[in-house]
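Below is structure.pdb, which holds PDB, C-alpha atoms.
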```
ATOM      1  CA  MET A   1      74.436 139.616  96.187
ATOM      2  CA  THR A   2      73.439 143.183  95.348
ATOM      3  CA  VAL A   3      75.343 144.338  98.442
ATOM      4  CA  MET A   4      78.498 142.625  97.174
ATOM      5  CA  ALA A   5      78.175 143.837  93.589
ATOM      6  CA  PRO A   6      80.133 147.075  94.202
ATOM      7  CA  LEU A   7      82.882 145.105  95.982
ATOM      8  CA  ILE A   8      83.143 142.694  93.075
ATOM      9  CA  GLU A   9      83.189 145.559  90.567
ATOM     10  CA  VAL A  10      85.972 147.381  92.422
ATOM     11  CA  THR A  11      88.037 144.186  92.662
ATOM     12  CA  LEU A  12      87.588 143.447  88.976
ATOM     13  CA  ARG A  13      88.713 146.939  87.997
ATOM     14  CA  GLY A  14      91.762 146.613  90.197
ATOM     15  CA  LEU A  15      92.746 143.199  88.817
ATOM     16  CA  LEU A  16      92.118 143.797  85.132
ATOM     17  CA  GLY A  17      94.931 146.220  84.541
ATOM     18  CA  ARG A  18      96.409 146.227  81.069
ATOM     19  CA  ARG A  19      99.792 144.688  81.933
ATOM     20  CA  ARG A  20      98.384 142.028  84.252
ATOM     21  CA  THR A  21      95.691 141.032  81.757
ATOM     22  CA  ILE A  22      98.231 140.671  78.938
ATOM     23  CA  LEU A  23     100.529 138.599  81.163
ATOM     24  CA  LEU A  24      97.684 136.300  82.217
ATOM     25  CA  ALA A  25      96.450 135.903  78.645
ATOM     26  CA  LEU A  26      99.943 134.965  77.441
ATOM     27  CA  LEU A  27     100.403 132.514  80.287
ATOM     28  CA  ALA A  28      97.003 130.882  79.788
ATOM     29  CA  GLY A  29      97.540 130.737  76.029
ATOM     30  CA  LEU A  30     100.829 128.868  76.317
ATOM     31  CA  PRO A  31      99.292 125.339  76.361
ATOM     32  CA  VAL A  32      97.061 126.254  73.399
ATOM     33  CA  LEU A  33     100.033 127.546  71.428
ATOM     34  CA  ILE A  34     102.043 124.408  72.129
ATOM     35  CA  ALA A  35      99.084 122.217  71.153
ATOM     36  CA  LEU A  36      98.680 124.163  67.921
ATOM     37  CA  LEU A  37     102.365 123.774  67.088
ATOM     38  CA  ILE A  38     102.128 120.041  67.735
ATOM     39  CA  ARG A  39      99.154 119.719  65.398
ATOM     40  CA  ILE A  40     100.853 121.770  62.671
ATOM     41  CA  SER A  41     104.001 119.643  62.922
ATOM     42  CA  GLY A  42     101.935 116.491  62.473
ATOM     43  CA  GLY A  43     102.278 115.136  65.992
ATOM     44  CA  ARG A  44      99.338 113.967  68.060
ATOM     45  CA  PRO A  45     100.379 113.164  71.629
ATOM     46  CA  ASP A  46      97.965 112.286  74.387
ATOM     47  CA  ALA A  47      96.153 115.404  75.650
ATOM     48  CA  ASP A  48      96.056 113.920  79.159
ATOM     49  CA  ARG A  49      99.816 114.365  79.537
ATOM     50  CA  ILE A  50      99.902 117.881  78.075
ATOM     51  CA  LEU A  51      97.023 119.089  80.239
ATOM     52  CA  ASP A  52      98.569 117.481  83.305
ATOM     53  CA  THR A  53     102.051 118.905  82.739
ATOM     54  CA  LEU A  54     101.288 122.345  81.324
ATOM     55  CA  VAL A  55      97.922 123.304  82.789
ATOM     56  CA  VAL A  56      97.542 121.581  86.159
ATOM     57  CA  ARG A  57     101.187 121.676  87.175
ATOM     58  CA  THR A  58     102.216 125.025  85.677
ATOM     59  CA  VAL A  59      99.652 127.419  84.206
ATOM     60  CA  MET A  60      96.786 126.983  86.682
ATOM     61  CA  PRO A  61      98.755 127.605  89.913
ATOM     62  CA  LEU A  62     100.691 130.514  88.407
ATOM     63  CA  VAL A  63      97.556 132.230  87.078
ATOM     64  CA  ALA A  64      95.835 131.745  90.442
ATOM     65  CA  LEU A  65      98.939 133.036  92.219
ATOM     66  CA  ILE A  66      99.088 136.264  90.195
ATOM     67  CA  ILE A  67      95.367 136.926  90.556
ATOM     68  CA  GLY A  68      94.923 135.742  94.134
ATOM     69  CA  THR A  69      97.793 137.686  95.654
ATOM     70  CA  ALA A  70      96.757 140.865  93.828
ATOM     71  CA  ALA A  71      93.080 140.723  94.828
ATOM     72  CA  VAL A  72      93.818 142.018  98.333
ATOM     73  CA  GLY A  73      97.578 142.441  98.477
ATOM     74  CA  SER A  74      97.818 145.165  95.862
ATOM     75  CA  GLU A  75      95.144 147.224  97.636
ATOM     76  CA  ILE A  76      96.920 146.875 100.972
ATOM     77  CA  ASP A  77     100.271 147.788  99.434
ATOM     78  CA  ASP A  78      99.069 150.934  97.661
ATOM     79  CA  GLY A  79      96.856 152.054 100.544
ATOM     80  CA  THR A  80      93.507 151.898  98.755
ATOM     81  CA  ALA A  81      92.340 149.157 101.137
ATOM     82  CA  VAL A  82      91.947 151.835 103.807
ATOM     83  CA  TYR A  83      89.040 153.422 101.933
ATOM     84  CA  LEU A  84      87.307 150.061 101.805
ATOM     85  CA  MET A  85      87.966 149.146 105.435
ATOM     86  CA  ILE A  86      86.532 152.383 106.854
ATOM     87  CA  LYS A  87      83.137 151.616 105.341
ATOM     88  CA  PRO A  88      80.568 149.741 107.490
ATOM     89  CA  ILE A  89      80.886 146.530 105.475
ATOM     90  CA  PRO A  90      81.253 143.156 107.204
ATOM     91  CA  ARG A  91      84.770 141.944 106.602
ATOM     92  CA  TRP A  92      83.546 138.508 105.591
ATOM     93  CA  ARG A  93      81.758 140.114 102.647
ATOM     94  CA  ILE A  94      84.999 141.735 101.557
ATOM     95  CA  ALA A  95      86.847 138.424 101.848
ATOM     96  CA  LEU A  96      84.121 136.554  99.969
ATOM     97  CA  SER A  97      84.033 139.096  97.139
ATOM     98  CA  LYS A  98      87.819 138.940  96.718
ATOM     99  CA  ILE A  99      87.799 135.139  96.647
ATOM    100  CA  LEU A 100      84.870 134.975  94.225
ATOM    101  CA  VAL A 101      86.529 137.393  91.807
ATOM    102  CA  ALA A 102      89.922 135.679  92.063
ATOM    103  CA  ALA A 103      88.389 132.238  91.547
ATOM    104  CA  GLY A 104      86.205 133.470  88.681
ATOM    105  CA  LEU A 105      89.069 135.132  86.829
ATOM    106  CA  THR A 106      91.274 132.081  87.328
ATOM    107  CA  ALA A 107      88.570 129.869  85.853
ATOM    108  CA  ALA A 108      88.028 132.334  82.986
ATOM    109  CA  MET A 109      91.702 132.021  82.070
ATOM    110  CA  VAL A 110      92.302 128.329  82.721
ATOM    111  CA  VAL A 111      89.110 126.593  81.574
ATOM    112  CA  PRO A 112      89.270 127.876  77.947
ATOM    113  CA  ALA A 113      92.920 126.803  77.832
ATOM    114  CA  VAL A 114      91.910 123.299  78.930
ATOM    115  CA  LEU A 115      89.125 123.044  76.348
ATOM    116  CA  LEU A 116      91.123 124.420  73.420
ATOM    117  CA  THR A 117      94.214 122.346  74.218
ATOM    118  CA  GLY A 118      92.156 119.191  74.617
ATOM    119  CA  LEU A 119      90.254 119.764  71.383
ATOM    120  CA  LEU A 120      93.449 120.425  69.422
ATOM    121  CA  LEU A 121      95.264 117.350  70.699
ATOM    122  CA  GLY A 122      92.550 114.828  71.330
ATOM    123  CA  SER A 123      93.111 111.903  73.667
ATOM    124  CA  ARG A 124      94.123 108.272  73.436
ATOM    125  CA  ASN A 125      91.139 107.553  75.624
ATOM    126  CA  ASP A 126      87.714 109.219  75.428
ATOM    127  CA  THR A 127      88.310 112.872  74.545
ATOM    128  CA  THR A 128      84.999 113.960  76.056
ATOM    129  CA  THR A 129      85.872 112.309  79.373
ATOM    130  CA  THR A 130      89.289 113.968  79.357
ATOM    131  CA  LEU A 131      87.845 117.409  78.644
ATOM    132  CA  ILE A 132      85.102 117.151  81.255
ATOM    133  CA  GLY A 133      87.419 115.671  83.869
ATOM    134  CA  PHE A 134      90.152 118.262  83.487
ATOM    135  CA  THR A 135      87.666 121.142  83.132
ATOM    136  CA  VAL A 136      85.868 120.314  86.377
ATOM    137  CA  ALA A 137      89.097 119.528  88.218
ATOM    138  CA  CYS A 138      90.792 122.735  87.063
ATOM    139  CA  PHE A 139      87.733 124.807  87.917
ATOM    140  CA  VAL A 140      87.674 123.487  91.483
ATOM    141  CA  GLY A 141      91.447 123.282  91.874
ATOM    142  CA  GLY A 142      91.998 126.746  90.404
ATOM    143  CA  SER A 143      89.390 128.165  92.787
ATOM    144  CA  ALA A 144      91.151 126.507  95.720
ATOM    145  CA  TYR A 145      94.514 127.941  94.641
ATOM    146  CA  ALA A 146      93.013 131.420  94.195
ATOM    147  CA  ALA A 147      91.273 131.336  97.573
ATOM    148  CA  ALA A 148      94.437 130.160  99.310
ATOM    149  CA  PHE A 149      96.531 132.928  97.757
ATOM    150  CA  VAL A 150      93.913 135.569  98.601
ATOM    151  CA  ALA A 151      94.073 134.450 102.238
ATOM    152  CA  LEU A 152      97.870 134.391 102.161
ATOM    153  CA  SER A 153      97.992 137.967 100.864
ATOM    154  CA  THR A 154      96.049 139.182 103.901
ATOM    155  CA  PHE A 155      98.788 137.880 106.193
ATOM    156  CA  THR A 156     101.955 139.012 104.422
ATOM    157  CA  SER A 157     103.183 141.431 101.800
ATOM    158  CA  ARG A 158     105.424 138.646 100.466
ATOM    159  CA  ALA A 159     102.497 136.464  99.410
ATOM    160  CA  LEU A 160     103.661 136.285  95.782
ATOM    161  CA  LEU A 161     107.107 135.018  96.793
ATOM    162  CA  LEU A 162     105.761 132.549  99.355
ATOM    163  CA  GLY A 163     103.114 131.306  96.941
ATOM    164  CA  LEU A 164     105.738 130.786  94.259
ATOM    165  CA  ALA A 165     107.872 128.822  96.722
ATOM    166  CA  TYR A 166     104.858 126.652  97.582
ATOM    167  CA  VAL A 167     104.078 125.927  93.923
ATOM    168  CA  LEU A 168     107.656 125.321  92.764
ATOM    169  CA  ILE A 169     109.335 123.798  95.813
ATOM    170  CA  TRP A 170     106.650 122.149  97.919
ATOM    171  CA  GLU A 171     104.352 120.943  95.138
ATOM    172  CA  GLY A 172     107.021 120.662  92.448
ATOM    173  CA  VAL A 173     109.613 118.765  94.465
ATOM    174  CA  LEU A 174     108.740 117.742  98.008
ATOM    175  CA  SER A 175     105.206 116.404  97.505
ATOM    176  CA  GLY A 176     106.562 114.119  94.789
ATOM    177  CA  LEU A 177     109.342 112.790  97.014
ATOM    178  CA  LEU A 178     107.480 112.545 100.316
ATOM    179  CA  GLU A 179     104.369 110.429  99.802
ATOM    180  CA  GLY A 180     102.877 111.412 103.150
ATOM    181  CA  THR A 181     102.687 115.087 102.176
ATOM    182  CA  LYS A 182     100.446 114.688  99.130
ATOM    183  CA  PHE A 183      97.359 115.655 101.109
ATOM    184  CA  LEU A 184      98.976 119.074 101.669
ATOM    185  CA  SER A 185      99.127 119.714  97.920
ATOM    186  CA  ILE A 186      96.316 121.443  96.028
ATOM    187  CA  ARG A 187      97.848 120.095  92.816
ATOM    188  CA  GLN A 188      97.623 116.501  94.018
ATOM    189  CA  ALA A 189      94.033 117.017  95.128
ATOM    190  CA  THR A 190      93.193 118.478  91.710
ATOM    191  CA  LEU A 191      94.734 115.472  89.965
ATOM    192  CA  GLY A 192      92.894 113.158  92.343
ATOM    193  CA  LEU A 193      89.602 114.782  91.376
ATOM    194  CA  ALA A 194      90.480 114.500  87.678
ATOM    195  CA  ASP A 195      91.301 110.810  88.172
ATOM    196  CA  ALA A 196      87.935 110.281  89.864
ATOM    197  CA  LEU A 197      86.262 111.809  86.789
ATOM    198  CA  GLY A 198      87.903 109.304  84.459
ATOM    199  CA  VAL A 199      91.119 111.072  83.424
ATOM    200  CA  ASP A 200      94.242 108.957  82.977
ATOM    201  CA  VAL A 201      96.460 110.521  85.659
ATOM    202  CA  PRO A 202     100.060 109.264  85.967
ATOM    203  CA  ASN A 203     101.531 107.961  89.219
ATOM    204  CA  ASP A 204      99.225 107.476  92.200
ATOM    205  CA  PRO A 205      96.923 110.455  92.767
ATOM    206  CA  LEU A 206      95.058 111.064  95.986
ATOM    207  CA  ALA A 207      91.903 109.078  96.573
ATOM    208  CA  PRO A 208      88.739 110.833  95.335
ATOM    209  CA  ALA A 209      87.271 111.283  98.812
ATOM    210  CA  VAL A 210      90.534 112.697 100.157
ATOM    211  CA  SER A 211      90.850 115.042  97.172
ATOM    212  CA  VAL A 212      87.353 116.436  97.685
ATOM    213  CA  VAL A 213      87.985 116.932 101.402
ATOM    214  CA  VAL A 214      91.326 118.677 100.771
ATOM    215  CA  LEU A 215      89.845 121.077  98.204
ATOM    216  CA  ALA A 216      86.825 121.810 100.427
ATOM    217  CA  VAL A 217      89.055 122.470 103.451
ATOM    218  CA  VAL A 218      91.236 124.844 101.415
ATOM    219  CA  LEU A 219      88.240 126.798 100.077
ATOM    220  CA  ILE A 220      86.450 127.087 103.412
ATOM    221  CA  GLY A 221      89.629 127.573 105.425
ATOM    222  CA  ALA A 222      90.884 130.327 103.117
ATOM    223  CA  PHE A 223      87.588 132.192 103.448
ATOM    224  CA  VAL A 224      87.582 131.882 107.242
ATOM    225  CA  LEU A 225      91.222 132.953 107.591
ATOM    226  CA  ALA A 226      90.868 135.889 105.188
ATOM    227  CA  SER A 227      87.721 137.076 106.982
ATOM    228  CA  TRP A 228      89.410 136.800 110.383
ATOM    229  CA  LYS A 229      92.540 138.612 109.262
ATOM    230  CA  LEU A 230      90.602 141.416 107.583
ATOM    231  CA  SER A 231      88.515 141.833 110.746
ATOM    232  CA  ARG A 232      91.766 142.559 112.589
ATOM    233  CA  PHE A 233      93.012 145.003 109.954
ATOM    234  CA  GLU A 234      94.128 148.182 111.690
ATOM    235  CA  ILE A 235      93.883 151.627 110.132
ATOM    236  CA  ARG A 236      96.709 153.734 111.455
ATOM    237  CA  GLY A 237      96.306 157.447 111.638
ATOM    238  CA  GLY A 238      99.026 159.967 110.967
ATOM    239  CA  ASP A 239     101.427 161.066 113.687
TER
END
```

Would you mind giving the structure from this file in C-alpha cells?
Amino acid sequence: MTVMAPLIEVTLRGLLGRRRTILLALLAGLPVLIALLIRISGGRPDADRILDTLVVRTVMPLVALIIGTAAVGSEIDDGTAVYLMIKPIPRWRIALSKILVAAGLTAAMVVPAVLLTGLLLGSRNDTTTTLIGFTVACFVGGSAYAAAFVALSTFTSRALLLGLAYVLIWEGVLSGLLEGTKFLSIRQATLGLADALGVDVPNDPLAPAVSVVVLAVVLIGAFVLASWKLSRFEIRGGD
C-alpha cells in the first residue's frame, strides 16, 4: 500500500480541482436539498422512493461518471499520463489506484447524501433498514460505476459521452423496457442488492445472487480491462 500511496495522492490532487469539487458537491447535495424543502413544506413522503429516484437512478451514476472518466482520461488528454507511464510501475498498480480513488470519492459524495436524505425524510417502513440498505447498495454500486467508467476512459477519449449515453439511454430507457437486459445494468444490480437488504424497491429488481455476481463482475472486469489497456499504452516520441 505504501508503494501505491504516491499514485493515490497524485490522482486525488488531479480529481479535486475547484470547479469539479463544487460541481460534485452541488450534485450530491441535490437530494438533501429536496428532502429539506419537503420537510419545511410539511410533507413527509417515503424516503425509499426519493433515494431510489434521485440517488440511485440519477446522482450516483452521474457522480461516478464525472469522477471515473476524469481519473485516467484527463491525464491522458492533457499529456501528464506520459510522466506516469515512463516510470517502472506495474500498470495494474496504476489501474488499481485510479479505481480505488474514483470509488472512494464516489462513496464520499454519495453515502452522506443517502444518510442525510434518509434521516430528513424517514421511511414508511423501518428507517434504519432503509438507511443501511441504501448505504451499502450505493457504496457497492457507486464503486462498480466508478470502476467501469475508469476502465472506459482508458479505451476512448469520449468516455464521458459514452458513459452518459449508457446511464441515460441504456439504463434509463432500454433496461426498463427489455426485461432480459436488466443483468447488464449496474443500476438494476444496485437496486437488487438494496432489495436483498430489506429496502422496498419498486418493480421487480434483480435477484440478490444475480445482483452480487453482476457487481462483482463489473468491479473485477473493470480492473482487468483497465490494467490490460494501460499495459498497452504507447508513448510516442516526437518526429

Surrounding residues of A:Ala216 excluding itself and chain neighbours under 5 positions, 12 Å, all atoms listed in the file, as a PyMOL selection string: chain A and resi 140-141+143-145+147-148+186+189-190+193+209-211+221-223

Length of the atom CA of A:Pro88 to atom CA of A:Ser231 vector [Å]: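 These atoms are spaced 11.7 Å apart.
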
Ref. answer, residues at most 12 Å from (98.5, 118.6, 101.8) with all atoms listed in the file, as an NGL selection string: :A and (166 or 170-171 or 174-176 or 178-190 or 206 or 210-211 or 213-215 or 217-218)

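Summary of the local environment: counting only C-alpha atoms, residues at most 8 Å from stretch 156-165 of chain A, other than itself and those fewer than 2 positions away along its chain, are A:Leu62, A:Leu65, A:Ile66, A:Thr69, A:Gly73, A:Asp77, A:Phe149, A:Leu152, A:Ser153, A:Thr154, A:Val167, A:Leu168, A:Ile169, A:Trp170.
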
Where is the centre and how long are the edges: axis-aligned box on stretch 150-165 of chain A, 4 Å on each side, Å to one decimal, as JSON:
```
{"center_x": 100.9, "center_y": 135.1, "center_z": 100.2, "size_x": 22.0, "size_y": 20.6, "size_z": 19.9}
```

Pairwise distance for atom CA of A:Ile89 and atom CA of A:Val72, rounded to one decimal in Å: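 Distance between the two atoms: 15.4 Å.
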
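Minimum atom-to-atom distance to A:Thr127, evaluated using all atoms listed in the file, belongs to A:Ala47 out of A:Ala47, A:Ala64, A:Ala194, A:Val59.
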
Atomic separation - atom CA of A:Val111 relative to atom CA of A:Arg13, Å: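 The value is 21.3 Å.
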
Residue nearest A:Ala70 - candidates A:Thr11, A:Asn203, A:Ser227, A:Thr135, atoms counted: only C-alpha atoms: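 Nearest candidate to A:Ala70 out of A:Thr11, A:Asn203, A:Ser227, A:Thr135: A:Thr11.
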
Nearest to A:Leu16 by atom-to-atom distance, counting all atoms listed in the file, from A:Ile40, A:Ala137, A:Val150, A:Leu105: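 Smallest distance to A:Leu16 is found for A:Leu105.
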
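For the residues A:Gly172, A:Phe155, A:Gly133, A:Gly142, ranking by smallest atom-to-atom distance to A:Leu197 using only C-alpha atoms places A:Gly133 first.
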
Option closest in space to A:Arg91, from A:Ala71, A:Ala207, A:Met4, A:Arg49 [counting only C-alpha atoms]: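 The shortest atom-to-atom distance to A:Arg91 comes from A:Met4.
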
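Within the 8 Å cut-off around A:Val110, using only C-alpha atoms and omitting residues fewer than 6 positions from it on the same chain, the listed residues are Ala28, Val55, Val59, Met60, Val63, Cys138, Phe139 and Gly142 of chain A.
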
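If you measure from each of A:Gly192, A:Pro31, A:Gly104, A:Pro202 to A:Leu120 using all atoms listed in the file, the closest one turns out to be A:Pro31.
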
Spell out the residues picked by the PyMOL selection byres ((chain A and resi 230) around 9) here, as a PDB file with C-alpha atoms, in the coordinates of the input.
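Output contents, as saved in result_5.pdb:
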```pdb
ATOM      1  CA  MET A  85      87.966 149.146 105.435  1.00  0.00           C
ATOM      2  CA  ARG A  91      84.770 141.944 106.602  1.00  0.00           C
ATOM      3  CA  TRP A  92      83.546 138.508 105.591  1.00  0.00           C
ATOM      4  CA  ILE A  94      84.999 141.735 101.557  1.00  0.00           C
ATOM      5  CA  ALA A  95      86.847 138.424 101.848  1.00  0.00           C
ATOM      6  CA  THR A 154      96.049 139.182 103.901  1.00  0.00           C
ATOM      7  CA  LEU A 225      91.222 132.953 107.591  1.00  0.00           C
ATOM      8  CA  ALA A 226      90.868 135.889 105.188  1.00  0.00           C
ATOM      9  CA  SER A 227      87.721 137.076 106.982  1.00  0.00           C
ATOM     10  CA  TRP A 228      89.410 136.800 110.383  1.00  0.00           C
ATOM     11  CA  LYS A 229      92.540 138.612 109.262  1.00  0.00           C
ATOM     12  CA  SER A 231      88.515 141.833 110.746  1.00  0.00           C
ATOM     13  CA  ARG A 232      91.766 142.559 112.589  1.00  0.00           C
ATOM     14  CA  PHE A 233      93.012 145.003 109.954  1.00  0.00           C
ATOM     15  CA  GLU A 234      94.128 148.182 111.690  1.00  0.00           C
TER      16      GLU A 234
END
```

May I ask you to restore N, CA and C atoms in stretch 140-161 of chain A and write the result as a compact mmCIF listing (two decimals), keeping the file's coordinate frame?
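Produced file selection.txt, reproduced below:
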```txt
# COMPACT_ATOMS: atom_id res chain seq x y z
N VAL A 140 87.66 123.60 90.02
CA VAL A 140 87.67 123.49 91.48
C VAL A 140 89.07 123.73 92.03
N GLY A 141 90.08 123.10 91.41
CA GLY A 141 91.45 123.28 91.87
C GLY A 141 91.94 124.71 91.73
N GLY A 142 91.62 125.35 90.60
CA GLY A 142 92.00 126.75 90.40
C GLY A 142 91.34 127.66 91.43
N SER A 143 90.08 127.38 91.77
CA SER A 143 89.39 128.16 92.79
C SER A 143 90.06 127.99 94.15
N ALA A 144 90.47 126.76 94.45
CA ALA A 144 91.15 126.51 95.72
C ALA A 144 92.48 127.25 95.79
N TYR A 145 93.25 127.19 94.70
CA TYR A 145 94.51 127.94 94.64
C TYR A 145 94.25 129.43 94.86
N ALA A 146 93.30 129.99 94.12
CA ALA A 146 93.01 131.42 94.20
C ALA A 146 92.60 131.82 95.60
N ALA A 147 91.72 131.03 96.22
CA ALA A 147 91.27 131.34 97.57
C ALA A 147 92.44 131.30 98.56
N ALA A 148 93.29 130.29 98.41
CA ALA A 148 94.44 130.16 99.31
C ALA A 148 95.38 131.35 99.18
N PHE A 149 95.61 131.81 97.96
CA PHE A 149 96.53 132.93 97.76
C PHE A 149 95.90 134.26 98.18
N VAL A 150 94.58 134.38 98.07
CA VAL A 150 93.91 135.57 98.60
C VAL A 150 94.13 135.62 100.11
N ALA A 151 93.89 134.50 100.79
CA ALA A 151 94.07 134.45 102.24
C ALA A 151 95.52 134.74 102.62
N LEU A 152 96.45 134.17 101.88
CA LEU A 152 97.87 134.39 102.16
C LEU A 152 98.23 135.87 102.05
N SER A 153 97.66 136.55 101.08
CA SER A 153 97.99 137.97 100.86
C SER A 153 97.47 138.87 101.97
N THR A 154 96.52 138.38 102.77
CA THR A 154 96.05 139.18 103.90
C THR A 154 96.99 139.08 105.09
N PHE A 155 97.87 138.10 105.07
CA PHE A 155 98.79 137.88 106.19
C PHE A 155 100.17 138.47 105.96
N THR A 156 100.60 138.56 104.69
CA THR A 156 101.96 139.01 104.42
C THR A 156 102.04 139.76 103.10
N SER A 157 102.94 140.70 103.04
CA SER A 157 103.18 141.43 101.80
C SER A 157 104.05 140.63 100.84
N ARG A 158 104.58 139.51 101.30
CA ARG A 158 105.42 138.65 100.47
C ARG A 158 104.65 137.42 99.99
N ALA A 159 103.35 137.58 99.81
CA ALA A 159 102.50 136.46 99.41
C ALA A 159 102.90 135.89 98.06
N LEU A 160 103.28 136.76 97.11
CA LEU A 160 103.66 136.28 95.78
C LEU A 160 104.89 135.39 95.86
N LEU A 161 105.88 135.80 96.65
CA LEU A 161 107.11 135.02 96.79
C LEU A 161 106.84 133.71 97.52
```
